[in-house]
>>> print(open('model.txt').read())   # compact mmCIF, C-alpha atoms and all ligand atoms
# COMPACT_ATOMS: atom_id res chain seq x y z
CA MET J 1 -27.57 0.46 37.19
CA ALA J 2 -29.67 2.37 34.71
CA LYS J 3 -27.56 4.67 32.62
CA LYS J 4 -28.90 8.03 31.52
CA GLN J 5 -29.70 7.88 27.82
CA PRO J 6 -28.15 10.66 25.72
CA ALA J 7 -30.69 13.27 24.63
CA ASN J 8 -30.17 12.29 21.00
CA PRO J 9 -29.38 8.57 20.90
CA ILE J 10 -26.96 7.59 18.15
CA ALA J 11 -28.99 6.57 15.17
CA ASN J 12 -27.68 4.14 12.59
CA SER J 13 -25.90 6.18 9.94
CA ALA J 14 -26.60 3.72 7.12
CA GLY J 15 -28.40 0.43 6.55
CA ASN J 16 -27.54 -2.87 8.18
CA GLY J 17 -26.06 -1.54 11.39
CA LEU J 18 -23.45 1.01 10.33
CA LEU J 19 -23.07 3.41 13.26
CA ASP J 20 -21.96 6.99 13.38
CA ARG J 21 -18.20 7.31 12.88
CA ARG J 22 -18.10 9.66 15.90
CA LEU J 23 -19.57 6.98 18.17
CA PHE J 24 -16.72 7.09 20.64
CA LEU J 25 -16.80 10.88 20.81
CA THR J 26 -20.53 10.99 21.47
CA GLY J 27 -20.93 8.59 24.34
CA GLY J 28 -19.36 5.36 23.17
CA LEU J 29 -20.57 1.81 23.34
CA ALA J 30 -21.96 2.09 26.85
CA SER J 31 -24.61 4.53 25.64
CA LEU J 32 -25.80 1.85 23.22
CA GLY J 33 -25.82 -0.80 25.92
CA ILE J 34 -23.01 -2.72 24.17
CA ALA J 35 -20.37 -4.43 26.34
CA LEU J 36 -17.24 -5.84 24.66
CA SER J 37 -15.47 -7.46 27.62
CA PRO J 38 -16.53 -9.96 30.27
CA VAL J 39 -16.69 -8.70 33.86
CA VAL J 40 -13.79 -9.88 36.06
CA ASN J 41 -13.91 -10.73 39.74
CA ALA J 42 -11.06 -8.83 41.45
CA SER J 43 -9.70 -11.61 43.69
CA GLU J 44 -9.83 -14.14 40.84
CA SER J 45 -7.71 -11.92 38.63
CA THR J 46 -5.01 -11.53 41.34
CA ILE J 47 -4.63 -15.32 41.66
CA ASN J 48 -4.42 -15.80 37.88
CA ARG J 49 -1.70 -13.17 37.54
CA ALA J 50 0.57 -14.84 40.09
CA ARG J 51 0.39 -18.17 38.24
CA LYS J 52 1.63 -16.93 34.87
CA PRO J 53 4.91 -18.71 33.97
CA TRP J 54 6.50 -15.53 32.56
CA MET J 55 6.23 -13.96 36.00
CA GLN J 56 8.11 -16.79 37.73
CA SER J 57 11.65 -16.25 36.33
CA PRO J 58 13.59 -13.66 34.27
CA GLY J 59 12.86 -13.46 30.57
CA ARG J 60 15.33 -13.79 27.70
CA ALA J 61 18.44 -11.72 27.13
CA LEU J 62 18.82 -8.35 25.43
CA GLY J 63 19.20 -8.62 21.65
CA ASP J 64 21.01 -6.98 18.74
CA TYR J 65 18.30 -6.71 16.05
CA GLY J 66 14.73 -7.15 17.24
CA GLN J 67 12.29 -9.61 15.75
CA PRO J 68 8.49 -9.95 16.04
CA SER J 69 7.07 -12.14 18.80
CA GLN J 70 7.30 -15.87 18.04
CA HIS J 71 3.53 -15.89 18.50
CA GLU J 72 3.21 -13.69 15.40
CA ALA J 73 5.11 -16.09 13.15
CA ALA J 74 2.05 -16.56 10.94
CA VAL J 75 2.17 -12.90 9.87
CA VAL J 76 4.29 -13.18 6.73
CA ARG J 77 4.21 -12.06 3.12
CA GLU J 78 1.69 -14.09 1.15
CA GLY J 79 0.82 -15.12 -2.39
CA ARG J 80 4.49 -15.55 -3.28
CA THR J 81 4.91 -16.50 -6.94
CA SER J 82 7.88 -16.57 -9.32
CA GLN J 83 8.27 -17.28 -13.04
CA VAL J 84 8.66 -20.99 -13.81
CA GLY J 85 12.23 -22.09 -13.16
CA THR J 86 13.06 -19.01 -11.04
CA LEU J 87 12.90 -18.12 -7.37
CA GLY J 88 13.23 -14.33 -7.53
CA SER J 89 11.30 -13.20 -10.61
CA GLY J 90 7.83 -12.56 -9.33
CA ALA J 91 5.97 -11.01 -6.44
CA SER J 92 4.99 -11.41 -2.80
CA ARG J 93 2.27 -9.46 -1.02
CA THR J 94 1.77 -7.51 2.21
CA PRO J 95 -0.69 -9.26 4.60
CA LEU J 96 -2.84 -6.12 4.89
CA GLN J 97 -5.46 -7.86 7.04
CA ASP J 98 -2.91 -8.60 9.78
CA LEU J 99 -1.57 -5.03 10.07
CA GLN J 100 -2.81 -1.78 11.58
CA GLY J 101 -1.99 1.90 11.17
CA THR J 102 -0.56 3.06 7.85
CA ILE J 103 3.16 2.17 7.84
CA THR J 104 4.10 -1.25 6.49
CA PRO J 105 6.83 -2.99 8.50
CA SER J 106 9.89 -3.07 6.18
CA GLY J 107 10.07 -6.86 6.37
CA LEU J 108 6.48 -7.14 5.13
CA HIS J 109 6.70 -4.60 2.28
CA PHE J 110 5.51 -6.27 -0.92
CA GLU J 111 8.14 -7.48 -3.38
CA ARG J 112 8.20 -7.40 -7.16
CA HIS J 113 11.48 -8.37 -8.79
CA HIS J 114 12.35 -9.13 -12.40
CA SER J 115 15.54 -11.09 -11.82
CA GLY J 116 15.97 -11.69 -8.12
CA ILE J 117 17.50 -9.53 -5.38
CA PRO J 118 21.09 -8.48 -6.10
CA ASP J 119 23.60 -8.32 -3.25
CA ILE J 120 25.27 -4.94 -3.88
CA HIS J 121 28.26 -3.81 -1.84
CA PRO J 122 27.53 -0.21 -0.86
CA GLU J 123 31.07 0.94 -1.61
CA GLN J 124 30.87 -0.45 -5.12
CA LEU J 125 27.67 1.32 -6.11
CA GLN J 126 28.10 4.08 -8.66
CA LEU J 127 25.14 6.12 -9.80
CA SER J 128 25.72 7.93 -13.07
CA VAL J 129 23.76 10.89 -14.45
CA GLN J 130 24.38 11.14 -18.17
CA GLY J 131 22.80 11.82 -21.57
CA LEU J 132 21.46 15.27 -22.41
CA VAL J 133 23.31 17.04 -19.60
CA LYS J 134 25.99 19.72 -19.60
CA GLN J 135 28.21 17.73 -17.25
CA PRO J 136 27.82 13.95 -16.76
CA LEU J 137 28.22 13.03 -13.09
CA LYS J 138 28.99 9.93 -11.09
CA PHE J 139 28.03 9.47 -7.44
CA SER J 140 29.13 7.04 -4.78
CA LEU J 141 26.76 6.26 -1.94
CA ASN J 142 28.85 8.52 0.31
CA ASP J 143 28.52 11.35 -2.22
CA LEU J 144 24.74 10.98 -2.17
CA ALA J 145 24.55 10.88 1.61
CA ARG J 146 26.24 14.31 1.80
CA TYR J 147 23.34 16.05 0.05
CA PRO J 148 20.54 17.54 2.16
CA LEU J 149 18.16 14.68 2.92
CA THR J 150 14.39 14.81 3.02
CA THR J 151 11.91 12.43 4.67
CA LYS J 152 8.42 11.69 3.30
CA THR J 153 5.81 8.99 3.78
CA TYR J 154 4.51 7.49 0.53
CA PHE J 155 2.70 4.40 -0.60
CA LEU J 156 4.10 2.19 -3.33
CA GLU J 157 1.68 0.11 -5.40
CA CYS J 158 2.40 -2.31 -8.22
CA SER J 159 0.13 -1.41 -11.12
CA GLY J 160 -0.89 -5.08 -11.32
CA ASN J 161 -2.29 -4.90 -7.78
CA SER J 162 -5.86 -6.24 -7.37
CA ALA J 163 -6.00 -7.45 -10.99
CA VAL J 164 -7.16 -10.86 -9.74
CA ASN J 165 -10.57 -9.20 -9.32
CA LEU J 166 -10.79 -8.87 -13.12
CA GLY J 167 -11.15 -12.67 -13.26
CA PRO J 168 -14.52 -14.23 -14.16
CA ASN J 169 -15.05 -15.57 -10.63
CA PRO J 170 -14.11 -13.93 -7.34
CA ALA J 171 -10.90 -15.50 -6.00
CA LEU J 172 -11.34 -16.73 -2.43
CA LEU J 173 -8.28 -14.89 -1.12
CA THR J 174 -7.44 -12.67 1.83
CA CYS J 175 -7.34 -8.88 1.54
CA GLY J 176 -3.55 -9.07 1.23
CA GLY J 177 -3.82 -11.86 -1.34
CA ILE J 178 -5.92 -9.56 -3.54
CA HIS J 179 -4.64 -6.05 -2.70
CA GLY J 180 -1.29 -6.68 -0.98
CA LEU J 181 0.85 -5.24 -3.78
CA VAL J 182 0.55 -1.93 -1.92
CA SER J 183 2.67 -0.90 1.06
CA ALA J 184 3.70 2.39 2.66
CA SER J 185 6.94 3.53 4.25
CA GLU J 186 8.69 6.59 5.53
CA TRP J 187 11.39 7.17 2.90
CA THR J 188 14.48 9.33 3.39
CA GLY J 189 16.74 10.39 0.56
CA VAL J 190 17.94 13.03 -1.87
CA PRO J 191 15.57 14.84 -4.26
CA VAL J 192 16.49 13.80 -7.82
CA SER J 193 16.23 17.46 -8.83
CA TYR J 194 19.42 18.23 -6.87
CA LEU J 195 21.49 15.89 -9.05
CA LEU J 196 19.82 16.94 -12.31
CA ASP J 197 20.33 20.62 -11.48
CA GLU J 198 23.98 19.95 -10.79
CA ALA J 199 24.44 18.04 -14.06
CA GLY J 200 22.65 20.81 -15.99
CA ILE J 201 19.76 19.71 -18.20
CA ASP J 202 19.88 20.29 -21.96
CA SER J 203 16.86 22.18 -23.33
CA LYS J 204 15.97 19.21 -25.60
CA ALA J 205 15.53 16.87 -22.62
CA LYS J 206 12.03 15.49 -21.93
CA TRP J 207 12.63 12.11 -20.30
CA VAL J 208 14.96 10.39 -17.86
CA VAL J 209 15.58 6.66 -18.28
CA ALA J 210 16.20 5.04 -14.91
CA GLU J 211 18.04 1.72 -14.88
CA GLY J 212 18.59 -0.76 -12.06
CA ALA J 213 21.76 -2.76 -11.41
CA ASP J 214 19.93 -6.08 -11.08
CA ALA J 215 20.56 -8.91 -13.57
CA ALA J 216 17.48 -7.77 -15.57
CA ARG J 217 18.83 -4.20 -15.81
CA MET J 218 15.18 -3.24 -15.28
CA ASN J 219 14.57 0.21 -16.75
CA ARG J 220 11.75 2.69 -17.20
CA SER J 221 11.40 6.08 -18.90
CA ILE J 222 10.18 8.81 -16.57
CA PRO J 223 8.92 12.26 -17.63
CA LEU J 224 11.56 14.88 -16.78
CA ASP J 225 8.88 17.02 -15.08
CA LYS J 226 8.19 14.26 -12.54
CA MET J 227 11.91 13.85 -11.85
CA LEU J 228 12.19 17.59 -11.17
CA ASP J 229 9.01 17.63 -9.06
CA ASP J 230 8.93 15.11 -6.18
CA ALA J 231 11.17 12.20 -7.27
CA LEU J 232 13.43 10.94 -4.51
CA LEU J 233 16.61 8.86 -4.42
CA ALA J 234 15.69 6.83 -1.36
CA LEU J 235 18.50 5.64 0.90
CA TYR J 236 16.49 4.87 4.04
CA GLN J 237 13.17 3.13 4.65
CA ASN J 238 11.44 3.50 8.02
CA GLY J 239 14.59 4.94 9.56
CA GLU J 240 17.10 2.28 8.50
CA ARG J 241 18.99 1.71 5.26
CA LEU J 242 16.83 0.21 2.52
CA ARG J 243 16.24 -3.51 2.73
CA PRO J 244 17.95 -5.41 -0.13
CA GLU J 245 14.54 -6.33 -1.56
CA GLN J 246 13.62 -2.63 -1.62
CA GLY J 247 16.64 -1.60 -3.68
CA TYR J 248 19.61 -1.38 -1.32
CA PRO J 249 21.61 0.77 -1.38
CA VAL J 250 19.60 3.30 -3.45
CA ARG J 251 16.29 3.26 -5.28
CA LEU J 252 14.20 5.72 -7.20
CA LEU J 253 10.95 6.64 -5.43
CA LEU J 254 8.24 8.24 -7.56
CA PRO J 255 5.29 9.25 -5.35
CA GLY J 256 1.91 8.13 -6.68
CA TYR J 257 3.36 6.42 -9.77
CA GLU J 258 2.99 2.72 -10.53
CA GLY J 259 5.56 0.84 -8.45
CA ASN J 260 7.53 -0.50 -11.41
CA THR J 261 8.80 3.02 -12.20
CA SER J 262 10.42 3.36 -8.74
CA VAL J 263 13.47 1.53 -10.05
CA LYS J 264 15.43 -0.37 -7.38
CA TRP J 265 19.20 -0.83 -7.13
CA LEU J 266 19.45 2.35 -9.21
CA HIS J 267 22.77 2.87 -11.04
CA ARG J 268 21.98 5.02 -14.07
CA LEU J 269 19.87 8.04 -14.95
CA GLU J 270 20.00 8.82 -18.67
CA VAL J 271 18.50 12.17 -19.61
CA SER J 272 16.99 11.98 -23.11
CA ALA J 273 14.63 13.58 -25.62
CA GLN J 274 12.65 10.35 -26.16
CA PRO J 275 11.54 7.45 -23.97
CA ALA J 276 13.64 4.29 -24.25
CA MET J 277 10.61 2.17 -25.36
CA SER J 278 12.00 -0.69 -23.32
CA ARG J 279 10.30 -4.02 -22.63
CA GLN J 280 8.74 -2.82 -19.37
CA GLU J 281 6.93 0.07 -21.10
CA THR J 282 5.90 -1.63 -24.36
CA SER J 283 5.28 -5.35 -23.87
CA LYS J 284 4.49 -4.86 -20.17
CA TYR J 285 2.94 -2.06 -18.08
CA THR J 286 0.68 -0.90 -20.91
CA ASP J 287 -3.11 -0.86 -20.58
CA LEU J 288 -5.25 -2.65 -23.16
CA ASN J 289 -8.46 -0.76 -23.95
CA LEU J 290 -11.76 -2.11 -25.26
CA ASP J 291 -10.93 -0.94 -28.80
CA GLY J 292 -7.82 -3.12 -28.84
CA ARG J 293 -5.41 -0.22 -28.50
CA ALA J 294 -2.98 -0.10 -25.60
CA GLU J 295 -2.20 3.01 -23.59
CA MET J 296 1.45 3.59 -22.73
CA PHE J 297 3.05 5.60 -19.92
CA THR J 298 0.04 5.50 -17.59
CA PHE J 299 1.79 6.36 -14.37
CA GLU J 300 -0.53 7.56 -11.59
CA MET J 301 -2.28 4.94 -9.49
CA GLY J 302 -6.01 5.71 -9.25
CA VAL J 303 -7.96 6.31 -6.06
CA LYS J 304 -8.67 3.06 -4.25
CA SER J 305 -9.68 1.54 -0.94
CA ALA J 306 -10.23 -1.84 0.66
CA ILE J 307 -11.67 -2.94 3.98
CA THR J 308 -8.89 -4.87 5.72
CA SER J 309 -11.02 -5.94 8.70
CA PRO J 310 -13.33 -7.76 8.55
CA SER J 311 -12.09 -9.18 5.23
CA GLY J 312 -11.71 -12.30 3.10
CA ASN J 313 -11.07 -15.61 4.87
CA GLN J 314 -11.48 -14.05 8.31
CA GLN J 315 -14.27 -15.15 10.62
CA LEU J 316 -16.73 -13.13 12.69
CA THR J 317 -17.35 -14.73 16.06
CA GLY J 318 -21.02 -13.84 16.41
CA LYS J 319 -23.40 -10.95 16.05
CA GLY J 320 -22.63 -7.72 17.86
CA TYR J 321 -20.25 -4.78 17.67
CA TYR J 322 -17.30 -4.71 15.23
CA GLU J 323 -15.04 -1.97 13.96
CA ILE J 324 -14.79 -1.92 10.18
CA SER J 325 -11.32 -0.71 9.24
CA GLY J 326 -9.39 -0.36 6.02
CA LEU J 327 -6.95 1.57 3.87
CA ALA J 328 -7.45 4.17 1.15
CA TRP J 329 -4.94 5.83 -1.15
CA SER J 330 -4.55 7.76 -4.40
CA GLY J 331 -1.62 8.49 -6.68
CA TYR J 332 -3.20 11.88 -7.46
CA GLY J 333 -3.13 13.35 -3.96
CA PRO J 334 -4.63 13.05 -0.50
CA VAL J 335 -7.72 10.91 0.13
CA ARG J 336 -10.71 13.20 0.71
CA LYS J 337 -13.45 10.76 1.72
CA VAL J 338 -14.19 7.10 2.32
CA ASP J 339 -17.73 5.72 2.53
CA VAL J 340 -18.67 2.27 3.78
CA SER J 341 -21.74 0.19 2.98
CA ALA J 342 -23.00 -2.83 4.91
CA ASP J 343 -25.88 -3.59 2.56
CA GLY J 344 -24.10 -4.29 -0.73
CA GLY J 345 -23.99 -0.65 -1.82
CA LYS J 346 -27.62 0.37 -1.25
CA THR J 347 -26.79 2.84 1.55
CA TRP J 348 -23.49 4.42 2.58
CA ALA J 349 -22.02 6.10 5.65
CA ALA J 350 -18.90 8.28 5.89
CA ALA J 351 -15.99 6.57 7.66
CA GLN J 352 -13.62 8.33 10.06
CA LEU J 353 -10.29 9.14 8.35
CA GLU J 354 -7.35 8.97 10.73
CA GLU J 355 -5.05 11.98 10.71
CA PRO J 356 -2.64 12.96 9.37
CA ILE J 357 -4.05 12.47 5.88
CA LEU J 358 -0.87 12.57 3.82
CA ASP J 359 -0.37 13.19 0.11
CA LYS J 360 0.11 9.94 -1.87
CA SER J 361 0.18 7.86 1.26
CA LEU J 362 -2.05 5.28 2.91
CA THR J 363 -4.97 6.63 4.95
CA ARG J 364 -6.61 4.46 7.61
CA PHE J 365 -10.40 4.61 7.83
CA ARG J 366 -12.68 3.24 10.54
CA ILE J 367 -16.40 3.00 11.21
CA PRO J 368 -18.28 1.22 13.99
CA TRP J 369 -20.77 -1.47 12.99
CA HIS J 370 -23.34 -3.63 14.69
CA TRP J 371 -23.79 -6.97 12.90
CA ASP J 372 -27.22 -8.51 13.43
CA GLY J 373 -26.01 -11.97 12.38
CA THR J 374 -27.66 -12.06 8.97
CA PRO J 375 -25.72 -12.41 5.69
CA CYS J 376 -24.62 -9.10 4.23
CA THR J 377 -22.04 -7.48 1.94
CA LEU J 378 -19.48 -4.87 3.03
CA LEU J 379 -17.97 -2.36 0.59
CA SER J 380 -15.80 0.74 0.76
CA ARG J 381 -15.39 3.54 -1.75
CA ALA J 382 -12.75 6.27 -1.66
CA ALA J 383 -12.49 9.64 -3.33
CA ASP J 384 -9.63 12.09 -3.87
CA ALA J 385 -10.05 15.71 -4.98
CA GLN J 386 -10.88 14.70 -8.57
CA ASN J 387 -12.06 11.12 -8.74
CA HIS J 388 -14.30 8.55 -7.10
CA GLN J 389 -13.40 4.89 -6.88
CA PRO J 390 -15.56 3.04 -9.44
CA THR J 391 -17.74 0.00 -8.82
CA ARG J 392 -16.48 -3.19 -10.48
CA ALA J 393 -19.36 -2.93 -12.99
CA GLN J 394 -18.42 0.66 -13.88
CA TYR J 395 -14.76 -0.24 -14.22
CA THR J 396 -15.29 -3.28 -16.45
CA LYS J 397 -17.86 -1.41 -18.58
CA ALA J 398 -15.31 1.31 -19.28
CA LYS J 399 -12.18 -0.84 -19.55
CA GLY J 400 -13.30 -4.43 -20.12
CA THR J 401 -11.66 -7.34 -18.34
CA SER J 402 -8.70 -8.03 -20.64
CA GLY J 403 -6.47 -5.37 -19.14
CA PHE J 404 -4.32 -6.06 -16.15
CA TYR J 405 -2.87 -2.82 -14.78
CA HIS J 406 -4.44 -0.02 -12.74
CA TYR J 407 -7.54 -1.97 -11.59
CA ASN J 408 -9.00 0.18 -8.80
CA ALA J 409 -12.64 -0.86 -8.42
CA MET J 410 -14.42 -1.32 -5.08
CA GLN J 411 -13.83 -4.48 -3.05
CA ALA J 412 -16.89 -6.31 -1.70
CA TRP J 413 -16.74 -8.82 1.17
CA ARG J 414 -19.64 -11.21 1.67
CA ILE J 415 -20.39 -12.14 5.27
CA GLU J 416 -22.30 -15.40 5.68
CA ALA J 417 -24.63 -16.27 8.56
CA ASP J 418 -21.88 -18.39 10.18
CA GLY J 419 -19.54 -15.38 10.20
CA GLY J 420 -17.40 -16.66 7.31
CA ILE J 421 -16.17 -13.94 4.93
CA HIS J 422 -15.24 -14.20 1.26
CA ASN J 423 -14.55 -12.12 -1.83
CA VAL J 424 -17.65 -11.41 -3.92
CA TYR J 425 -18.57 -9.36 -6.98
CA VAL J 426 -21.60 -7.05 -6.67
CO CO X 501 0.47 2.16 -15.98
>>> encode(input="model.txt", output="structure tokens")
Amino acid sequence: MAKKQPANPIANSAGNGLLDRRLFLTGGLASLGIALSPVVNASESTINRARKPWMQSPGRALGDYGQPSQHEAAVVREGRTSQVGTLGSGASRTPLQDLQGTITPSGLHFERHHSGIPDIHPEQLQLSVQGLVKQPLKFSLNDLARYPLTTKTYFLECSGNSAVNLGPNPALLTCGGIHGLVSASEWTGVPVSYLLDEAGIDSKAKWVVAEGADAARMNRSIPLDKMLDDALLALYQNGERLRPEQGYPVRLLLPGYEGNTSVKWLHRLEVSAQPAMSRQETSKYTDLNLDGRAEMFTFEMGVKSAITSPSGNQQLTGKGYYEISGLAWSGYGPVRKVDVSADGGKTWAAAQLEEPILDKSLTRFRIPWHWDGTPCTLLSRAADAQNHQPTRAQYTKAKGTSGFYHYNAMQAWRIEADGGIHNVYV
């Protein structure tokens, strides 16, 4: 049956088949003559349904704590590495390419530990607030839980995320393998300002040193202003108590800051006039510049995005319609815009940003695309209110390639004629 063409057929919005992000609002695929699903004969489908084994007898019993389908067993953290001779001093990454939406399942949140995951009995935790305060305080977990709680959705990103793309050759990894040191959760806890107000801050105070109760006693110095602004003592993640690997029973959560500062297994806040100048803010987590000097206390994670689908090591199954989808985020505030290119950065089209667009959280973007089957390169670029995500060439020109932290340049995915996809530098 001939379908009436819309008065203004949807034109490509950028080169190489990028379609208008409002495609589904303005007539959808049918108006373009694109069909995604095979046509089914009605009687055939009735016979097939009756034969399915799971419709022949009752399924399994009710359970206590739910698990993903056994058919999703391949969706696990990836790129797990640990220092030589250790099992828990390293990192594992979120498989971004296997997930949708913007919340990371708690069991797939990336990990970065400096001396393994401690097993802390909740009744034995004591959080002390001390140093330049009028009245040092000590809190049990029950004490903390009696304060008014607040719930916010924030991303957490290790400042070493994506640094593999500073290497001389593009690593042939998945999106999660390259960018999976970012995750997002709904966090519930007590604003740090409540405890600091109660302790009474001395006028000489400028910093708060946060220390974890792991075997490394991992600590970082945090500007007092940040602690009084939006810092949270997180007790819950995605509705349940924190997972052990996320700092059970209490962690610091510093929205937009490099992940290392959101100290896990928190047991001490020391208010001070000076930073502690500890290992993790001198030897590590400093940014080497081209002039050989290193910047310290660089906290905010820059604006960034990556296409999660289609992405590295995935496979397109032939020319035709695809949805390009990915994640964007910024430690400076909400994402304002994401553009996508299907021709290696020559032309760009605005992607649809899924609402709500939250402050310092992951934002999902989508744009429809028609692949004509020829090799091409996909890119995304995000912007917040102040900054645009740089190209890799712009980033390395400004910062060189010897640094490691805060790499936020655009990700390019090369699509070959056979539908294979791999990391590429443009
Ligand atoms: Co930094």
>>> residues_near_ligand(input="model.txt", ligand="ligand CO 501 (chain X)", cutoff="8 Å", atoms="all atoms listed in the file", output="mmCIF file with C-alpha atoms, in the frame of the given file")
data_model
loop_
_atom_site.group_PDB
_atom_site.id
_atom_site.type_symbol
_atom_site.label_atom_id
_atom_site.label_comp_id
_atom_site.auth_asym_id
_atom_site.auth_seq_id
_atom_site.Cartn_x
_atom_site.Cartn_y
_atom_site.Cartn_z
ATOM 1 C CA SER J 159 0.130 -1.410 -11.120
ATOM 2 C CA GLU J 258 2.990 2.720 -10.530
ATOM 3 C CA TYR J 285 2.940 -2.060 -18.080
ATOM 4 C CA THR J 286 0.680 -0.900 -20.910
ATOM 5 C CA ASP J 287 -3.110 -0.860 -20.580
ATOM 6 C CA MET J 296 1.450 3.590 -22.730
ATOM 7 C CA PHE J 297 3.050 5.600 -19.920
ATOM 8 C CA THR J 298 0.040 5.500 -17.590
ATOM 9 C CA PHE J 299 1.790 6.360 -14.370
ATOM 10 C CA GLU J 300 -0.530 7.560 -11.590
ATOM 11 C CA MET J 301 -2.280 4.940 -9.490
ATOM 12 C CA TYR J 405 -2.870 -2.820 -14.780
ATOM 13 C CA HIS J 406 -4.440 -0.020 -12.740
#
>>> residues_around(input="model.txt", residues="segment 314-324 of chain J", least_positions_apart="4", cutoff="9 Å", atoms="all atoms listed in the file", output="list in words")
Leu29, Ile34, Ala35, Leu36, Gln97, Thr174, Ile307, Thr308, Ser309, Pro310, Val340, Ala351, Phe365, Arg366, Ile367, Pro368, Trp369, His370, Trp371, Asp372, Gly373, Thr374, Ile415, Ala417, Asp418, Gly419, Gly420, Ile421 and His422 of chain J
>>> atom_distance(input="model.txt", atom1="atom CA of Gly101 of chain J", atom2="atom CA of Leu232 of chain J")
23.8 Å
>>> residues_around(input="model.txt", residues="Arg241 of chain J", least_positions_apart="6", cutoff="10 Å", atoms="only C-alpha atoms", output="list in words")
Trp187, Thr188, Ala234, Leu235, Gly247, Tyr248, Pro249 and Val250 of chain J
>>> atom_distance(input="model.txt", atom1="atom CA of Arg112 of chain J", atom2="atom CA of Thr282 of chain J")
18.3 Å
>>> closest_residue(input="model.txt", among="J:Leu269, J:Leu23, J:Cys175, J:Val164", to="Gln126 of chain J", atoms="all atoms listed in the file")
J:Leu269
>>> closest_residue(input="model.txt", among="J:Leu156, J:Leu181, J:Leu149, J:Val40", to="Phe110 of chain J", atoms="all atoms listed in the file")
J:Leu181
>>> residues_near_point(input="model.txt", point="(16.0, 3.9, -22.7)", cutoff="7 Å", atoms="all atoms listed in the file", output="CSV table (one decimal) with C-alpha atoms, in the frame of the given file")
chain,number,residue,atom,x,y,z
J,209,VAL,CA,15.6,6.7,-18.3
J,221,SER,CA,11.4,6.1,-18.9
J,275,PRO,CA,11.5,7.4,-24.0
J,276,ALA,CA,13.6,4.3,-24.2
J,277,MET,CA,10.6,2.2,-25.4
J,278,SER,CA,12.0,-0.7,-23.3
>>> atom_distance(input="model.txt", atom1="atom CA of Arg77 of chain J", atom2="atom CA of Arg279 of chain J")
27.7 Å
>>> closest_residue(input="model.txt", among="J:Glu72, J:Glu245, J:Asp230, J:Glu78", to="His179 of chain J", atoms="only C-alpha atoms")
J:Glu78
>>> closest_residue(input="model.txt", among="J:Tyr407, J:Trp265, J:Tyr332, J:Tyr395", to="Asn219 of chain J", atoms="only C-alpha atoms")
J:Trp265
>>> residues_near_point(input="model.txt", point="(-7.4, -3.2, -27.3)", cutoff="12 Å", atoms="all atoms listed in the file", output="list in words")
Thr286, Asp287, Leu288, Asn289, Leu290, Asp291, Gly292, Arg293, Ala294, Glu295, Lys399, Gly400, Thr401, Ser402, Gly403 and Phe404 of chain J
>>> write_last_selection(input="model.txt", atoms="C-alpha atoms", output="tab-separated table (two decimals), keeping the file's coordinate frame")
chain	number	residue	atom	x	y	z
J	286	THR	CA	0.68	-0.90	-20.91
J	287	ASP	CA	-3.11	-0.86	-20.58
J	288	LEU	CA	-5.25	-2.65	-23.16
J	289	ASN	CA	-8.46	-0.76	-23.95
J	290	LEU	CA	-11.76	-2.11	-25.26
J	291	ASP	CA	-10.93	-0.94	-28.80
J	292	GLY	CA	-7.82	-3.12	-28.84
J	293	ARG	CA	-5.41	-0.22	-28.50
J	294	ALA	CA	-2.98	-0.10	-25.60
J	295	GLU	CA	-2.20	3.01	-23.59
J	399	LYS	CA	-12.18	-0.84	-19.55
J	400	GLY	CA	-13.30	-4.43	-20.12
J	401	THR	CA	-11.66	-7.34	-18.34
J	402	SER	CA	-8.70	-8.03	-20.64
J	403	GLY	CA	-6.47	-5.37	-19.14
J	404	PHE	CA	-4.32	-6.06	-16.15
>>> closest_residue(input="model.txt", among="J:Pro255, J:Pro390, J:Gly302, J:Pro105", to="Gly239 of chain J", atoms="all atoms listed in the file")
J:Pro105
